[in-house]
>>> print(open('model-v3.tsv').read())   # TSV, C-alpha atoms and all ligand atoms
chain	number	residue	atom	x	y	z
A	176	MET	CA	90.62	-48.64	34.65
A	177	SER	CA	87.90	-51.24	34.65
A	178	HIS	CA	84.30	-50.24	35.17
A	179	THR	CA	81.63	-51.60	37.49
A	180	ASN	CA	78.41	-52.21	35.59
A	181	ILE	CA	75.26	-52.96	37.57
A	182	LEU	CA	72.13	-54.36	35.95
A	183	ALA	CA	69.12	-53.09	37.94
A	184	ILE	CA	65.56	-54.41	37.75
A	185	GLU	CA	62.38	-52.72	39.02
A	186	SER	CA	59.07	-54.61	39.01
A	187	SER	CA	57.27	-53.63	42.21
A	188	CYS	CA	54.03	-52.40	40.66
A	189	ASP	CA	53.01	-51.78	37.06
A	190	GLU	CA	56.22	-50.70	35.33
A	191	THR	CA	58.78	-53.24	34.16
A	192	SER	CA	62.10	-51.46	34.11
A	193	ALA	CA	65.78	-52.27	33.65
A	194	ALA	CA	68.79	-49.99	33.85
A	195	ILE	CA	72.55	-50.20	33.52
A	196	VAL	CA	74.47	-48.08	36.00
A	197	GLN	CA	78.22	-47.78	35.45
A	198	ASP	CA	80.29	-46.43	38.37
A	199	GLY	CA	77.27	-44.46	39.58
A	200	LYS	CA	76.34	-43.13	36.13
A	201	VAL	CA	73.10	-44.18	34.42
A	202	LEU	CA	73.91	-45.56	30.95
A	203	SER	CA	70.38	-46.72	30.15
A	204	ASN	CA	66.95	-46.76	31.77
A	205	VAL	CA	64.20	-48.63	29.93
A	206	ILE	CA	60.63	-48.56	31.22
A	207	ALA	CA	57.69	-50.63	29.88
A	208	THR	CA	54.46	-49.16	31.25
A	209	GLN	CA	51.57	-51.60	31.51
A	210	LYS	CA	48.52	-50.12	29.79
A	211	VAL	CA	46.29	-53.07	30.68
A	212	HIS	CA	45.23	-51.53	34.02
A	213	GLU	CA	43.76	-48.31	32.62
A	214	GLN	CA	40.34	-49.79	31.95
A	215	TYR	CA	40.05	-51.20	35.49
A	216	GLY	CA	40.63	-47.96	37.38
A	217	GLY	CA	43.64	-49.37	39.25
A	218	VAL	CA	46.42	-51.94	39.06
A	219	VAL	CA	45.15	-55.54	38.82
A	220	PRO	CA	47.90	-57.52	40.61
A	221	GLU	CA	47.62	-60.76	38.64
A	222	MET	CA	47.68	-58.94	35.32
A	223	ALA	CA	50.67	-56.92	36.48
A	224	SER	CA	52.70	-60.09	37.21
A	225	ARG	CA	51.80	-61.57	33.83
A	226	ALA	CA	52.82	-58.38	32.02
A	227	HIS	CA	56.14	-58.31	33.95
A	228	MET	CA	56.82	-61.86	32.77
A	229	GLN	CA	56.21	-60.84	29.17
A	230	ASN	CA	58.23	-57.63	29.41
A	231	ILE	CA	61.24	-58.48	31.51
A	232	VAL	CA	63.46	-60.23	28.95
A	233	PRO	CA	63.00	-57.64	26.15
A	234	VAL	CA	63.33	-54.74	28.61
A	235	VAL	CA	66.65	-56.09	29.95
A	236	ASP	CA	67.90	-56.73	26.40
A	237	VAL	CA	67.14	-53.16	25.33
A	238	ALA	CA	68.75	-51.77	28.51
A	239	LEU	CA	71.97	-53.69	27.70
A	240	GLN	CA	71.86	-52.61	24.05
A	241	ASN	CA	71.22	-48.94	24.86
A	242	ALA	CA	74.11	-48.95	27.31
A	243	GLY	CA	76.41	-50.73	24.88
A	244	VAL	CA	77.21	-53.25	27.59
A	245	GLY	CA	77.39	-57.01	27.07
A	246	LYS	CA	75.97	-59.59	29.47
A	247	THR	CA	79.42	-60.69	30.53
A	248	ASP	CA	80.37	-57.08	31.41
A	249	ILE	CA	77.87	-57.06	34.31
A	250	GLN	CA	79.51	-57.05	37.76
A	251	ALA	CA	76.34	-57.18	39.91
A	252	VAL	CA	72.58	-57.58	39.55
A	253	ALA	CA	70.20	-55.48	41.65
A	254	PHE	CA	66.45	-55.78	42.09
A	255	THR	CA	63.57	-54.27	44.06
A	256	GLN	CA	63.05	-56.56	47.03
A	257	ALA	CA	60.30	-54.56	48.79
A	258	PRO	CA	57.74	-53.07	49.11
A	259	GLY	CA	55.25	-53.77	46.32
A	260	LEU	CA	52.83	-56.30	44.89
A	261	ILE	CA	54.17	-59.73	45.76
A	262	GLY	CA	53.49	-61.30	42.35
A	263	SER	CA	55.17	-58.38	40.60
A	264	LEU	CA	58.16	-58.36	42.95
A	265	LEU	CA	58.62	-62.12	42.46
A	266	VAL	CA	59.10	-61.76	38.70
A	267	GLY	CA	61.93	-59.24	39.13
A	268	ALA	CA	63.48	-61.14	42.05
A	269	CYS	CA	63.47	-64.51	40.25
A	270	PHE	CA	64.89	-62.95	37.12
A	271	ALA	CA	67.63	-61.11	39.02
A	272	LYS	CA	68.60	-64.17	41.05
A	273	SER	CA	68.82	-66.38	37.96
A	274	TYR	CA	70.84	-63.76	36.11
A	275	ALA	CA	73.25	-63.27	38.99
A	276	GLN	CA	73.67	-67.01	39.39
A	277	ALA	CA	74.24	-67.58	35.67
A	278	LEU	CA	76.86	-64.81	35.52
A	279	ASN	CA	78.30	-65.74	38.92
A	280	VAL	CA	78.12	-62.13	40.12
A	281	PRO	CA	76.78	-60.71	43.41
A	282	LEU	CA	73.14	-59.90	44.01
A	283	ILE	CA	71.95	-56.62	45.59
A	284	ALA	CA	68.49	-56.25	47.17
A	285	VAL	CA	67.05	-52.74	47.07
A	286	HIS	CA	64.25	-51.11	49.06
A	287	HIS	CA	62.00	-49.29	46.60
A	288	MET	CA	61.32	-46.26	48.83
A	289	GLN	CA	65.01	-45.80	49.61
A	290	ALA	CA	65.61	-45.89	45.85
A	291	HIS	CA	63.04	-43.12	45.23
A	292	VAL	CA	65.05	-40.91	47.61
A	293	LEU	CA	68.39	-41.84	46.05
A	294	ALA	CA	67.05	-40.90	42.59
A	295	HIS	CA	68.38	-37.47	43.63
A	296	PHE	CA	71.91	-38.85	43.31
A	297	ILE	CA	71.60	-39.73	39.63
A	298	ASP	CA	72.23	-36.23	38.27
A	299	ASP	CA	73.95	-33.08	39.49
A	300	PRO	CA	73.57	-31.10	41.65
A	301	LYS	CA	73.45	-33.83	44.25
A	302	PRO	CA	71.96	-33.04	47.68
A	303	GLU	CA	74.21	-32.41	50.65
A	304	PHE	CA	73.61	-34.24	53.92
A	305	PRO	CA	71.61	-33.94	56.07
A	306	PHE	CA	68.95	-34.02	53.38
A	307	LEU	CA	65.20	-34.08	53.93
A	308	CYS	CA	63.07	-35.80	51.30
A	309	LEU	CA	59.30	-35.82	50.92
A	310	THR	CA	58.64	-39.14	49.19
A	311	VAL	CA	55.18	-39.24	47.68
A	312	SER	CA	53.98	-42.15	45.58
A	313	GLY	CA	50.93	-44.28	44.88
A	314	GLY	CA	51.51	-46.38	48.00
A	315	HIS	CA	53.54	-44.15	50.33
A	316	THR	CA	53.82	-40.65	51.75
A	317	GLN	CA	56.88	-40.17	53.90
A	318	ILE	CA	59.26	-37.55	55.19
A	319	VAL	CA	62.71	-39.12	55.15
A	320	LEU	CA	65.73	-37.80	57.01
A	321	CYS	CA	68.90	-38.81	55.12
A	322	ARG	CA	72.15	-38.68	57.05
A	323	SER	CA	74.10	-40.39	54.27
A	324	HIS	CA	73.30	-42.45	51.16
A	325	LEU	CA	72.50	-45.54	53.15
A	326	ASP	CA	71.56	-44.04	56.50
A	327	MET	CA	67.95	-42.90	56.22
A	328	GLU	CA	65.10	-42.64	58.69
A	329	VAL	CA	61.39	-42.22	58.01
A	330	ILE	CA	60.39	-39.49	60.46
A	331	GLY	CA	56.79	-39.16	59.35
A	332	GLU	CA	54.34	-40.99	57.14
A	333	THR	CA	50.71	-41.31	56.26
A	334	MET	CA	48.35	-42.98	58.68
A	335	ASP	CA	46.00	-44.12	55.89
A	336	ASP	CA	46.01	-43.33	52.16
A	337	ALA	CA	49.06	-42.16	50.24
A	338	ALA	CA	49.07	-38.79	48.45
A	339	GLY	CA	49.09	-40.61	45.09
A	340	GLU	CA	45.98	-42.52	46.16
A	341	ALA	CA	44.26	-39.24	47.02
A	342	PHE	CA	44.99	-38.09	43.45
A	343	ASP	CA	43.99	-41.40	41.86
A	344	LYS	CA	40.78	-41.81	43.87
A	345	THR	CA	39.71	-38.24	43.18
A	346	ALA	CA	40.31	-38.90	39.49
A	347	LYS	CA	38.21	-42.06	39.66
A	348	MET	CA	35.34	-40.12	41.25
A	349	LEU	CA	35.64	-37.63	38.40
A	350	GLY	CA	35.39	-40.44	35.85
A	351	LEU	CA	39.05	-40.18	34.76
A	352	PRO	CA	41.14	-43.31	33.95
A	353	TYR	CA	43.95	-44.77	36.08
A	354	PRO	CA	46.48	-43.42	36.98
A	355	GLY	CA	44.58	-40.20	37.55
A	356	GLY	CA	47.37	-38.13	39.12
A	357	PRO	CA	48.86	-36.89	35.83
A	358	LEU	CA	45.36	-36.01	34.51
A	359	ILE	CA	44.42	-34.05	37.63
A	360	ASP	CA	47.72	-32.20	37.20
A	361	LYS	CA	46.87	-31.43	33.56
A	362	TYR	CA	43.34	-30.13	34.24
A	363	ALA	CA	44.44	-28.28	37.38
A	364	ALA	CA	46.78	-26.15	35.26
A	365	GLN	CA	43.71	-24.43	33.75
A	366	GLY	CA	41.67	-24.20	36.96
A	367	ASN	CA	41.18	-21.92	39.95
A	368	PRO	CA	42.69	-23.58	43.06
A	369	LYS	CA	40.69	-21.33	45.41
A	370	ARG	CA	37.27	-21.98	43.83
A	371	PHE	CA	36.32	-24.93	46.09
A	372	VAL	CA	37.53	-25.34	49.65
A	373	PHE	CA	38.34	-28.77	51.07
A	374	PRO	CA	39.46	-29.45	54.65
A	375	VAL	CA	43.18	-29.48	55.38
A	376	SER	CA	43.60	-32.43	57.75
A	377	ASP	CA	46.19	-32.29	60.46
A	378	MET	CA	47.91	-34.96	62.53
A	379	ASP	CA	50.45	-34.87	65.32
A	380	GLY	CA	54.10	-34.60	64.43
A	381	TYR	CA	54.99	-35.29	60.82
A	382	ALA	CA	52.18	-37.76	60.15
A	383	PHE	CA	49.79	-37.33	57.22
A	384	THR	CA	46.21	-38.38	56.57
A	385	PHE	CA	44.46	-38.34	53.20
A	386	SER	CA	41.29	-40.30	53.95
A	387	GLY	CA	39.48	-37.08	54.99
A	388	ILE	CA	39.95	-35.30	51.68
A	389	LYS	CA	38.83	-38.40	49.79
A	390	THR	CA	35.55	-38.47	51.75
A	391	ALA	CA	35.14	-34.70	51.49
A	392	VAL	CA	35.48	-34.86	47.69
A	393	LEU	CA	33.01	-37.77	47.53
A	394	TYR	CA	30.29	-35.92	49.53
A	395	PHE	CA	30.97	-32.67	47.70
A	396	LEU	CA	30.51	-34.34	44.28
A	397	GLN	CA	27.39	-36.22	45.40
A	398	LYS	CA	25.82	-32.96	46.59
A	399	GLU	CA	26.76	-30.89	43.54
A	400	LYS	CA	25.76	-33.59	41.04
A	401	LYS	CA	22.27	-33.72	42.58
A	402	LEU	CA	21.89	-30.01	41.81
A	403	ASP	CA	23.53	-30.15	38.39
A	404	ALA	CA	24.12	-33.41	36.52
A	405	ALA	CA	26.80	-31.76	34.38
A	406	PHE	CA	28.64	-30.29	37.39
A	407	VAL	CA	31.82	-32.33	36.90
A	408	GLU	CA	32.25	-31.67	33.19
A	409	ASN	CA	31.49	-27.96	33.59
A	410	ASN	CA	33.87	-27.48	36.52
A	411	LEU	CA	36.55	-30.13	35.97
A	412	ALA	CA	39.54	-27.77	35.92
A	413	ASP	CA	38.48	-25.92	39.08
A	414	ILE	CA	37.73	-29.17	40.98
A	415	CYS	CA	41.12	-30.62	40.00
A	416	ALA	CA	42.94	-27.38	40.86
A	417	SER	CA	41.20	-27.12	44.25
A	418	VAL	CA	41.84	-30.75	45.27
A	419	GLN	CA	45.46	-30.58	44.09
A	420	HIS	CA	45.96	-27.32	45.98
A	421	THR	CA	44.65	-28.92	49.21
A	422	ILE	CA	46.84	-32.04	48.90
A	423	ILE	CA	49.93	-29.89	48.24
A	424	LYS	CA	49.09	-27.66	51.20
A	425	MET	CA	49.03	-30.69	53.53
A	426	LEU	CA	52.31	-32.01	52.15
A	427	MET	CA	54.16	-28.70	52.29
A	428	LYS	CA	52.96	-27.89	55.80
A	429	LYS	CA	54.59	-31.00	57.30
A	430	LEU	CA	57.72	-30.64	55.20
A	431	LYS	CA	58.20	-27.06	56.43
A	432	GLN	CA	57.57	-28.13	60.03
A	433	ALA	CA	60.18	-30.92	59.77
A	434	ALA	CA	62.73	-28.65	58.04
A	435	ASP	CA	62.30	-26.00	60.78
A	436	ASP	CA	62.46	-28.47	63.68
A	437	LEU	CA	65.56	-30.20	62.36
A	438	GLY	CA	67.22	-27.09	60.95
A	439	ILE	CA	67.72	-28.73	57.54
A	440	ARG	CA	68.04	-26.61	54.40
A	441	HIS	CA	68.63	-29.24	51.71
A	442	ILE	CA	65.15	-30.39	50.78
A	443	GLY	CA	63.81	-32.61	47.98
A	444	ILE	CA	60.73	-34.38	46.70
A	445	ALA	CA	60.64	-37.87	45.21
A	446	GLY	CA	58.23	-40.56	44.03
A	447	GLY	CA	55.48	-40.49	41.40
A	448	VAL	CA	53.64	-37.50	42.88
A	449	SER	CA	56.85	-35.43	42.69
A	450	ALA	CA	56.08	-35.27	38.95
A	451	ASN	CA	53.14	-33.01	39.87
A	452	SER	CA	53.70	-29.52	38.50
A	453	GLY	CA	51.87	-27.86	41.41
A	454	LEU	CA	54.07	-29.64	43.97
A	455	ARG	CA	57.24	-28.85	42.00
A	456	LYS	CA	56.24	-25.18	41.91
A	457	ALA	CA	55.33	-25.16	45.62
A	458	LEU	CA	58.77	-26.58	46.53
A	459	THR	CA	60.57	-24.10	44.29
A	460	GLU	CA	58.65	-21.21	45.88
A	461	ALA	CA	59.30	-22.56	49.39
A	462	GLY	CA	63.00	-22.71	48.52
A	463	GLU	CA	62.99	-19.03	47.55
A	464	GLN	CA	60.94	-18.03	50.58
A	465	TYR	CA	62.78	-20.03	53.27
A	466	GLY	CA	66.28	-20.10	51.78
A	467	TRP	CA	66.21	-23.85	51.10
A	468	GLN	CA	68.35	-25.54	48.49
A	469	VAL	CA	65.68	-27.59	46.73
A	470	TYR	CA	66.05	-30.76	44.66
A	471	ILE	CA	63.46	-31.90	42.13
A	472	PRO	CA	64.13	-35.08	40.13
A	473	LYS	CA	63.84	-35.26	36.34
A	474	PHE	CA	60.40	-36.57	35.30
A	475	GLU	CA	61.71	-39.99	34.25
A	476	TYR	CA	63.18	-40.51	37.73
A	477	CYS	CA	60.01	-39.49	39.64
A	478	THR	CA	57.77	-42.42	38.75
A	479	ASP	CA	58.96	-46.01	39.04
A	480	ASN	CA	62.19	-46.73	37.17
A	481	ALA	CA	65.20	-49.02	37.43
A	482	ALA	CA	67.78	-46.20	37.29
A	483	MET	CA	66.96	-45.36	40.92
A	484	ILE	CA	67.37	-49.04	41.85
A	485	GLY	CA	70.73	-49.04	40.08
A	486	ILE	CA	71.99	-45.89	41.82
A	487	THR	CA	71.00	-47.35	45.20
A	488	ALA	CA	72.77	-50.57	44.26
A	489	HIS	CA	75.86	-48.53	43.35
A	490	TYR	CA	76.12	-47.24	46.94
A	491	LYS	CA	75.37	-50.71	48.33
A	492	TYR	CA	78.06	-52.18	46.07
A	493	LEU	CA	80.61	-49.67	47.39
A	494	ALA	CA	79.57	-50.57	50.95
A	495	GLY	CA	79.77	-54.32	50.21
A	496	GLN	CA	76.07	-54.83	50.98
A	497	PHE	CA	75.30	-57.95	48.99
A	498	THR	CA	72.65	-60.56	49.54
A	499	ASP	CA	72.51	-64.30	48.89
A	500	LEU	CA	70.20	-66.31	46.67
A	501	SER	CA	67.98	-67.38	49.57
A	502	ILE	CA	66.42	-63.91	49.78
A	503	SER	CA	62.69	-63.50	49.01
A	504	PRO	CA	60.78	-60.37	48.12
A	505	THR	CA	58.31	-59.00	50.67
A	506	PRO	CA	55.24	-56.85	49.98
A	507	ARG	CA	55.75	-54.70	53.05
A	508	ALA	CA	59.12	-54.12	54.62
A	509	ALA	CA	60.37	-51.74	57.22
A	510	TRP	CA	63.50	-49.81	56.36
A	511	THR	CA	66.70	-51.38	57.50
B	601	LIG	O1	56.25	-43.85	42.45
B	601	LIG	P1	55.16	-44.31	41.56
B	601	LIG	O2	55.41	-44.35	40.08
B	601	LIG	O3	54.66	-45.74	41.96
B	601	LIG	C1	54.57	-46.14	43.29
B	601	LIG	O4	55.63	-46.53	43.85
B	601	LIG	O5	53.45	-46.05	43.81
B	601	LIG	O6	53.89	-43.37	41.87
B	601	LIG	C2	52.69	-43.52	41.20
B	601	LIG	C3	51.73	-42.45	41.69
B	601	LIG	C4	50.31	-42.62	41.18
B	601	LIG	O7	49.42	-42.45	42.26
B	601	LIG	C5	50.18	-41.48	40.17
B	601	LIG	O8	48.85	-41.01	40.01
B	601	LIG	C6	51.06	-40.42	40.80
B	601	LIG	O9	52.18	-41.15	41.27
B	601	LIG	N1	51.47	-39.40	39.84
B	601	LIG	C7	51.06	-38.11	39.92
B	601	LIG	C8	51.61	-37.44	38.80
B	601	LIG	N2	52.35	-38.35	38.08
B	601	LIG	C9	52.25	-39.54	38.75
B	601	LIG	N3	50.28	-37.49	40.81
B	601	LIG	C10	50.04	-36.17	40.63
B	601	LIG	N4	50.53	-35.47	39.58
B	601	LIG	C11	51.32	-36.06	38.65
B	601	LIG	N5	51.81	-35.35	37.62
B	602	ZN	ZN	57.45	-45.99	43.45
>>> encode(input="model-v3.tsv", output="structure tokens", more="lines below")
Ligand code: KG4
Ligand code: ZN
Amino acid sequence: MSHTNILAIESSCDETSAAIVQDGKVLSNVIATQKVHEQYGGVVPEMASRAHMQNIVPVVDVALQNAGVGKTDIQAVAFTQAPGLIGSLLVGACFAKSYAQALNVPLIAVHHMQAHVLAHFIDDPKPEFPFLCLTVSGGHTQIVLCRSHLDMEVIGETMDDAAGEAFDKTAKMLGLPYPGGPLIDKYAAQGNPKRFVFPVSDMDGYAFTFSGIKTAVLYFLQKEKKLDAAFVENNLADICASVQHTIIKMLMKKLKQAADDLGIRHIGIAGGVSANSGLRKALTEAGEQYGWQVYIPKFEYCTDNAAMIGITAHYKYLAGQFTDLSISPTPRAAWT
């Protein structure tokens, strides 16, 4: 029986990634993380596009090599079409279009946030439908109701900052490099989450807001640093643990509310912030407490990667959802 090999490209932000997915199975997933942004405290868009241009050819070559698949064995090329930084998206889109044209194979456009959710379908056990997914990344915070692989609806999202931004901006205020989320996670592991209390913001329905905690942390640090110049270094673990605890509380509250209202018991987390150990623990505990079947992706499939683009493309391929070469990437795009 012949196989269907999909080459998938992800370039929406600061990781250049390529994967080969064969009949829904990930054969390779290569990720080049751009270190250049660390010193700037955030992703510099123009530098990100330049780094994608440097990385994309070697990353695709290694993905093919690791999978043991030749160029002419590719049956479709998939790429992240939206959302993301336009310059970064353009590099992946142009590469994918040229590759598809040269090989004369179909092109598949993938929505990055849909792909984060479908990362749950890379390994077993796979979620059953209906499935509720809290998708938390550097740019988004959403509760997604999934009726099937390609039928998803965002039922709640943030009104301002994303959860990842709340982590990254807190880290910046603490003098930690970008991306700060993983560092907050690391320090939080040694800290007391109840030591400092920050407000838990609430919104109607399943909407989130993270601008309040950002301001609360800013004023709190300004006040404490006036009293003690070494406040941050002497209390780093407790500050990180307390902020992390508050962010997780806000996320879990809405997830529980949505699960109860909709009567859904298959619940997952996805996106970069789903790598957070506190959030992973909170979901596991909620599963035990409420009788949920919980799904937590492997670390390599939480942050940006092409395997999730490839698995999404696999379902689109089966459904015959191809696109033509006239398609352009878009920085913001509603779900279709
Ligand atoms: O999904 P992702 O890789 O890129 C976007 O699509 O935005 O998410 C990146 C975000 C960053 O804000 C980063 O700080 C956060 O995920 N992140 C974490 C952790 N690992 C990554 N936040 C908290 N704890 C972590 N362990
Ligand atoms: Zn992402």
>>> closest_residue(input="model-v3.tsv", among="A:Pro220, A:Gly466, A:Gly313, A:Pro300", to="ligand LIG 601 (chain B)", atoms="all atoms listed in the file")
A:Gly313
>>> closest_atom_pairs(input="model-v3.tsv", of="chain A", to="ligand LIG 601 (chain B)", cutoff="7 Å", atoms="only C-alpha atoms and all ligand atoms", output="tab-separated table")
residue	atom	partner	partner_atom	distance
A:Cys188	CA	B:LIG601	C1	6.8
A:Ser312	CA	B:LIG601	O6	3.9
A:Gly313	CA	B:LIG601	O5	3.3
A:Gly314	CA	B:LIG601	O5	4.6
A:His315	CA	B:LIG601	O5	6.8
A:Gly339	CA	B:LIG601	O7	3.4
A:Glu340	CA	B:LIG601	O7	5.2
A:Phe342	CA	B:LIG601	O8	5.9
A:Asp343	CA	B:LIG601	O8	5.2
A:Pro354	CA	B:LIG601	O8	4.5
A:Gly355	CA	B:LIG601	O8	5.0
A:Gly356	CA	B:LIG601	O8	3.4
A:Pro357	CA	B:LIG601	N5	3.8
A:Ile359	CA	B:LIG601	N4	6.6
A:Asp360	CA	B:LIG601	N4	4.9
A:Gly446	CA	B:LIG601	O1	4.2
A:Gly447	CA	B:LIG601	O6	3.3
A:Val448	CA	B:LIG601	N3	3.9
A:Ser449	CA	B:LIG601	C8	6.8
A:Ala450	CA	B:LIG601	N5	4.5
A:Asn451	CA	B:LIG601	N5	3.5
A:Ser452	CA	B:LIG601	N5	6.2
A:Cys477	CA	B:LIG601	O1	6.4
A:Thr478	CA	B:LIG601	O2	3.3
A:Asp479	CA	B:LIG601	O2	4.1
>>> residues_around(input="model-v3.tsv", residues="A:Ser323", least_positions_apart="3", cutoff="9 Å", atoms="only C-alpha atoms", output="ChimeraX atom specification")
/A:303-306,326-327
>>> closest_residue(input="model-v3.tsv", among="A:Tyr215, A:Phe497, A:Tyr476, A:Tyr381", to="ligand ZN 602 (chain B)", atoms="all atoms listed in the file")
A:Tyr476
>>> closest_residue(input="model-v3.tsv", among="A:Val418, A:Leu437, A:Leu182, A:Val292", to="ligand ZN 602 (chain B)", atoms="only C-alpha atoms and all ligand atoms")
A:Val292
>>> residues_around(input="model-v3.tsv", residues="A:Thr505", least_positions_apart="5", cutoff="9 Å", atoms="all atoms listed in the file", output="ChimeraX atom specification")
/A:256-261,264-265
>>> closest_residue(input="model-v3.tsv", among="A:Ser187, A:Leu493, A:Trp467, A:Gln419", to="ligand ZN 602 (chain B)", atoms="only C-alpha atoms and all ligand atoms")
A:Ser187
>>> residues_around(input="model-v3.tsv", residues="A:Gly462", least_positions_apart="3", cutoff="12 Å", atoms="all atoms listed in the file", output="ChimeraX atom specification")
/A:427,430-431,434,439-443,455-459,465-471
>>> residues_near_point(input="model-v3.tsv", point="(66.5, -37.5, 40.7)", cutoff="9 Å", atoms="only C-alpha atoms", output="PyMOL selection string")
chain A and resi 291-299+301+444-445+470-477+483
>>> closest_residue(input="model-v3.tsv", among="A:His227, A:His287, A:Tyr490, A:Ala238", to="ligand ZN 602 (chain B)", atoms="only C-alpha atoms and all ligand atoms")
A:His287
>>> residues_around(input="model-v3.tsv", residues="A:Ala226", least_positions_apart="3", cutoff="9 Å", atoms="all atoms listed in the file", output="number ranges by chain")
A: 189, 191, 209, 211, 221-223, 229-231, 263
>>> atom_distance(input="model-v3.tsv", atom1="atom CA of A:Asn180", atom2="atom CA of A:Met288")
22.4 Å
